[in-house]
Amino acid sequence: MPTPPKIKSPVSGPGLPLLLQMLMGILLMMLTSVLGATSTTDPKDANVKALDRLHAGLFTNYDSDVQPWFQGAPTEVSLGMVVTYIDIDELNGKMTTHCWLNLRWRDEERVWQPSEYDNITEITLRSSEVWTPQITLFNGEEGGLMADTQVTLSHDGHFRRMPPALYTAYCELNMLKWPYDKQSCKLQVGSWGLKVVLPENGTAMGKSLDHDDLVQSPEWEIVDSRAQFVIQDYYAYMEYTLTAQRRSSMYTAIIYTPASCIVVLALSTFWLPPHMGGEKIMINGLLFIMISTFLMYFAQLLPVLSNNTPLVVLFFSISLLFLSVSTIVEVLVLFLATSKHKVRIPEALRKLLHGNPGTWLLLSVFSSTGESQAERTVEMDEHAVEASPLVINPVQEPGAKANQFDWALLATAVDRIFFVVFSLAFLILAIKCSV
């Protein structure tokens, strides 16, 4: 029986064993070098390699334009605010707020075990690498400005971002009690089509609104603040309400002290002698200039179209009206005291001036002085009649002087009466305009 033919090897030749030995030697050398390098690698280099592996594992096929999901729904964003400085522009009705935002959200797919990556529990990322909520101001200029800052991701899938922001919100200011006013302004901060909620309790920076680190403004101080979560049909936002008290110590010196001096000077004119009408009118003219200057100052400082006119402005404007009436009264008093009257005042009025009402108006000193002077004038005129028989109608001269004195006494009484009237008027005005 014939022997079957032998099957030949597909690869043959005398150099094959030598080639295999060379390849195995090269692989052994490479493996030895890798193991040696790994055993002598610096711990920091190992940490960097772990961070690279972690970053690659988390963000492979990641789309930064798509909102993350958490527990089967689009993730919610918790929003907090730390106010650092505020300023209010009364002329334009705006409040400028410098603050830090505290943004937190979760992504259920961005989690890892720290033990598998050299105990790395938190990494820092650029904001352009991941999805970040677009926060805007609904009731302000251009939606506000927010700086581009880094994002922190922890191993449990929590993202956190704290960018500084500058918001200028429109406010409805109440200037009635200026400069001792309180202003409340609202910041409506949120995102279109994104659910924004209050910060979680117990988390870092968990307060929804904080102003403990506020840089004190030279004019404003925050006395109250609150946060409210508002839900609309297709969006939600956080409404922060800040109540600021104006620091008014400076205004006491530049407004209320001059106002007190104006009132005192306006009342003092009624105590000048009635024949000094020119001096009285001059004082009132100076007060006119002072009050007009203050009103122009208020017009430059306060909004002209304000819904509530400040009480201080009302006080100065009504005081200007009082001074106008006072000037008219002084013109009348000057006419009564200096004009040569040919008609005597009514007897009933004369008895009042020389009786108890005159005493109450402090006219008794003028009355006694005037009568004694009149009596001396009568005696001198009688002697003159006896010495000079050429005098025509000597009896009318004493009567004319006494009549003139009565008219001057009446002018003084008018001054005193209007002093009381204007004192009460200024007192009522001050009570009504007090803040």
# chains A, B, ... in the order shown; residues from 1 in each chain; ligands from 1

call {"tool": "residues_around", "arguments": {"residues": "Trp105 in chain A", "least_positions_apart": "6", "cutoff": "7 Å", "atoms": "only C-alpha atoms", "output": "list in words"}}
result
Thr75, Glu76, Val77, Ser78, His158, Phe159 and Arg160 of chain A

call {"tool": "closest_atom_pairs", "arguments": {"of": "range 229-305 of chain A", "to": "range 415-423 of chain A", "cutoff": "10 Å", "atoms": "only C-alpha atoms", "output": "CSV"}}
result
residue,atom,partner,partner_atom,distance
A:Val263,CA,A:Ser423,CA,8.7
A:Val264,CA,A:Ser423,CA,9.4
A:Ala266,CA,A:Phe422,CA,8.9
A:Leu267,CA,A:Phe419,CA,6.2
A:Ser268,CA,A:Phe419,CA,8.3
A:Thr269,CA,A:Asp415,CA,8.6
A:Phe270,CA,A:Asp415,CA,5.1
A:Trp271,CA,A:Asp415,CA,7.1
A:Leu272,CA,A:Asp415,CA,8.7
A:Pro273,CA,A:Asp415,CA,9.0
A:Pro274,CA,A:Asp415,CA,7.6

call {"tool": "select_by_dssp", "arguments": {"residues": "range 86-271 of chain A", "states": "strand (DSSP E or B)", "output": "PDB file with C-alpha atoms, in the first residue's frame"}}
result
ATOM      1  CA  ILE A  86     -25.334  98.567  45.569  1.00  0.00           C
ATOM      2  CA  ASP A  87     -25.989 102.058  44.255  1.00  0.00           C
ATOM      3  CA  ILE A  88     -29.268 103.798  43.366  1.00  0.00           C
ATOM      4  CA  ASP A  89     -29.636 106.371  40.607  1.00  0.00           C
ATOM      5  CA  LYS A  94     -32.304 102.424  38.560  1.00  0.00           C
ATOM      6  CA  MET A  95     -30.438 100.289  41.069  1.00  0.00           C
ATOM      7  CA  THR A  96     -26.992  98.901  40.220  1.00  0.00           C
ATOM      8  CA  THR A  97     -26.049  95.703  42.049  1.00  0.00           C
ATOM      9  CA  HIS A  98     -22.610  94.087  42.145  1.00  0.00           C
ATOM     10  CA  CYS A  99     -22.898  90.459  43.209  1.00  0.00           C
ATOM     11  CA  TRP A 100     -21.705  86.872  42.961  1.00  0.00           C
ATOM     12  CA  LEU A 101     -24.074  84.206  41.659  1.00  0.00           C
ATOM     13  CA  ASN A 102     -24.138  80.717  43.124  1.00  0.00           C
ATOM     14  CA  LEU A 103     -25.250  78.306  40.367  1.00  0.00           C
ATOM     15  CA  ARG A 104     -25.603  74.573  41.068  1.00  0.00           C
ATOM     16  CA  TRP A 105     -27.005  71.731  38.968  1.00  0.00           C
ATOM     17  CA  ARG A 106     -26.563  67.940  38.618  1.00  0.00           C
ATOM     18  CA  GLU A 122     -13.406  67.239  42.235  1.00  0.00           C
ATOM     19  CA  ILE A 123     -12.195  68.680  38.945  1.00  0.00           C
ATOM     20  CA  THR A 124     -12.200  72.178  37.452  1.00  0.00           C
ATOM     21  CA  LEU A 125     -13.414  72.815  33.917  1.00  0.00           C
ATOM     22  CA  THR A 136     -30.330  86.873  32.666  1.00  0.00           C
ATOM     23  CA  LEU A 137     -32.022  89.815  34.371  1.00  0.00           C
ATOM     24  CA  GLY A 140     -33.088  95.492  33.792  1.00  0.00           C
ATOM     25  CA  LEU A 145     -23.406  91.266  32.696  1.00  0.00           C
ATOM     26  CA  MET A 146     -21.934  87.990  33.953  1.00  0.00           C
ATOM     27  CA  VAL A 151     -16.949  75.357  36.615  1.00  0.00           C
ATOM     28  CA  THR A 152     -16.326  72.843  39.381  1.00  0.00           C
ATOM     29  CA  LEU A 153     -17.559  69.231  39.044  1.00  0.00           C
ATOM     30  CA  SER A 154     -17.630  66.856  42.023  1.00  0.00           C
ATOM     31  CA  HIS A 158     -22.781  68.238  41.114  1.00  0.00           C
ATOM     32  CA  PHE A 159     -21.738  71.208  38.977  1.00  0.00           C
ATOM     33  CA  ARG A 160     -21.037  74.540  40.638  1.00  0.00           C
ATOM     34  CA  ARG A 161     -20.279  77.928  39.131  1.00  0.00           C
ATOM     35  CA  PRO A 164     -19.397  87.779  39.388  1.00  0.00           C
ATOM     36  CA  ALA A 165     -22.318  89.707  37.893  1.00  0.00           C
ATOM     37  CA  LEU A 166     -23.375  93.316  37.417  1.00  0.00           C
ATOM     38  CA  TYR A 167     -27.114  93.994  37.239  1.00  0.00           C
ATOM     39  CA  THR A 168     -28.880  97.325  36.665  1.00  0.00           C
ATOM     40  CA  ALA A 169     -32.583  96.963  37.439  1.00  0.00           C
ATOM     41  CA  TYR A 170     -35.432  99.416  36.962  1.00  0.00           C
ATOM     42  CA  LYS A 182     -36.076 103.759  52.095  1.00  0.00           C
ATOM     43  CA  GLN A 183     -36.062 102.307  48.613  1.00  0.00           C
ATOM     44  CA  SER A 184     -37.062  98.756  47.681  1.00  0.00           C
ATOM     45  CA  CYS A 185     -35.859  97.381  44.360  1.00  0.00           C
ATOM     46  CA  LYS A 186     -36.412  93.957  42.818  1.00  0.00           C
ATOM     47  CA  LEU A 187     -34.036  91.813  40.779  1.00  0.00           C
ATOM     48  CA  GLN A 188     -35.814  89.218  38.661  1.00  0.00           C
ATOM     49  CA  VAL A 189     -33.053  86.771  37.752  1.00  0.00           C
ATOM     50  CA  GLY A 190     -33.667  83.606  35.790  1.00  0.00           C
ATOM     51  CA  SER A 191     -33.434  81.902  32.406  1.00  0.00           C
ATOM     52  CA  TRP A 192     -35.896  81.465  29.550  1.00  0.00           C
ATOM     53  CA  VAL A 196     -34.549  77.889  38.419  1.00  0.00           C
ATOM     54  CA  VAL A 197     -35.121  76.970  42.059  1.00  0.00           C
ATOM     55  CA  LEU A 209     -29.597  85.844  49.271  1.00  0.00           C
ATOM     56  CA  ASP A 210     -26.635  87.024  51.311  1.00  0.00           C
ATOM     57  CA  TRP A 220     -26.904 103.425  51.029  1.00  0.00           C
ATOM     58  CA  GLU A 221     -27.199 100.627  53.560  1.00  0.00           C
ATOM     59  CA  ILE A 222     -29.173  97.404  53.074  1.00  0.00           C
ATOM     60  CA  VAL A 223     -31.637  96.998  55.958  1.00  0.00           C
ATOM     61  CA  ASP A 224     -33.768  94.153  54.601  1.00  0.00           C
ATOM     62  CA  SER A 225     -33.612  91.497  51.898  1.00  0.00           C
ATOM     63  CA  ARG A 226     -35.701  88.542  50.816  1.00  0.00           C
ATOM     64  CA  ALA A 227     -35.866  86.007  47.996  1.00  0.00           C
ATOM     65  CA  GLN A 228     -38.935  84.509  46.353  1.00  0.00           C
ATOM     66  CA  PHE A 229     -39.333  81.757  43.788  1.00  0.00           C
ATOM     67  CA  VAL A 230     -41.762  82.809  41.019  1.00  0.00           C
ATOM     68  CA  ILE A 231     -43.207  80.395  38.465  1.00  0.00           C
ATOM     69  CA  TYR A 235     -40.289  80.030  32.725  1.00  0.00           C
ATOM     70  CA  ALA A 236     -39.370  80.531  36.367  1.00  0.00           C
ATOM     71  CA  TYR A 237     -37.084  82.985  38.079  1.00  0.00           C
ATOM     72  CA  MET A 238     -35.823  84.161  41.420  1.00  0.00           C
ATOM     73  CA  GLU A 239     -37.075  87.537  42.625  1.00  0.00           C
ATOM     74  CA  TYR A 240     -34.650  89.238  45.007  1.00  0.00           C
ATOM     75  CA  THR A 241     -35.966  92.267  46.901  1.00  0.00           C
ATOM     76  CA  LEU A 242     -33.419  94.627  48.451  1.00  0.00           C
ATOM     77  CA  THR A 243     -34.490  97.413  50.820  1.00  0.00           C
ATOM     78  CA  ALA A 244     -31.879 100.147  51.248  1.00  0.00           C
ATOM     79  CA  GLN A 245     -31.848 102.994  53.772  1.00  0.00           C
ATOM     80  CA  ARG A 246     -30.217 106.273  52.776  1.00  0.00           C
TER      81      ARG A 246
END

call {"tool": "residues_around", "arguments": {"residues": "range 255-257 of chain A", "least_positions_apart": "4", "cutoff": "9 Å", "atoms": "only C-alpha atoms", "output": "NGL selection string"}}
result
:A and (250-251 or 261-262 or 294 or 312)

call {"tool": "closest_residue", "arguments": {"among": "A:Leu409, A:Leu54, A:Val215, A:Cys433", "to": "Pro310 in chain A", "atoms": "only C-alpha atoms"}}
result
A:Cys433

call {"tool": "closest_residue", "arguments": {"among": "A:Pro133, A:Ala400, A:Leu321, A:His55", "to": "Val343 in chain A", "atoms": "only C-alpha atoms"}}
result
A:Ala400

call {"tool": "atom_distance", "arguments": {"atom1": "CA of Pro68 in chain A", "atom2": "CA of Thr121 in chain A"}}
result
20.1 Å

call {"tool": "residues_around", "arguments": {"residues": "Glu330 in chain A", "least_positions_apart": "4", "cutoff": "8 Å", "atoms": "only C-alpha atoms", "output": "PyMOL selection string"}}
result
chain A and resi 277+280-281+326+334+415

call {"tool": "atom_distance", "arguments": {"atom1": "CA of Tyr297 in chain A", "atom2": "CA of Leu176 in chain A"}}
result
16.7 Å

call {"tool": "atom_distance", "arguments": {"atom1": "CA of Thr84 in chain A", "atom2": "CA of Ile135 in chain A"}}
result
18.5 Å

call {"tool": "select_by_dssp", "arguments": {"residues": "range 100-217 of chain A", "states": "helix (DSSP H, G or I)", "output": "list in words"}}
result
Pro114, Ser115, Glu116 and Tyr117 of chain A
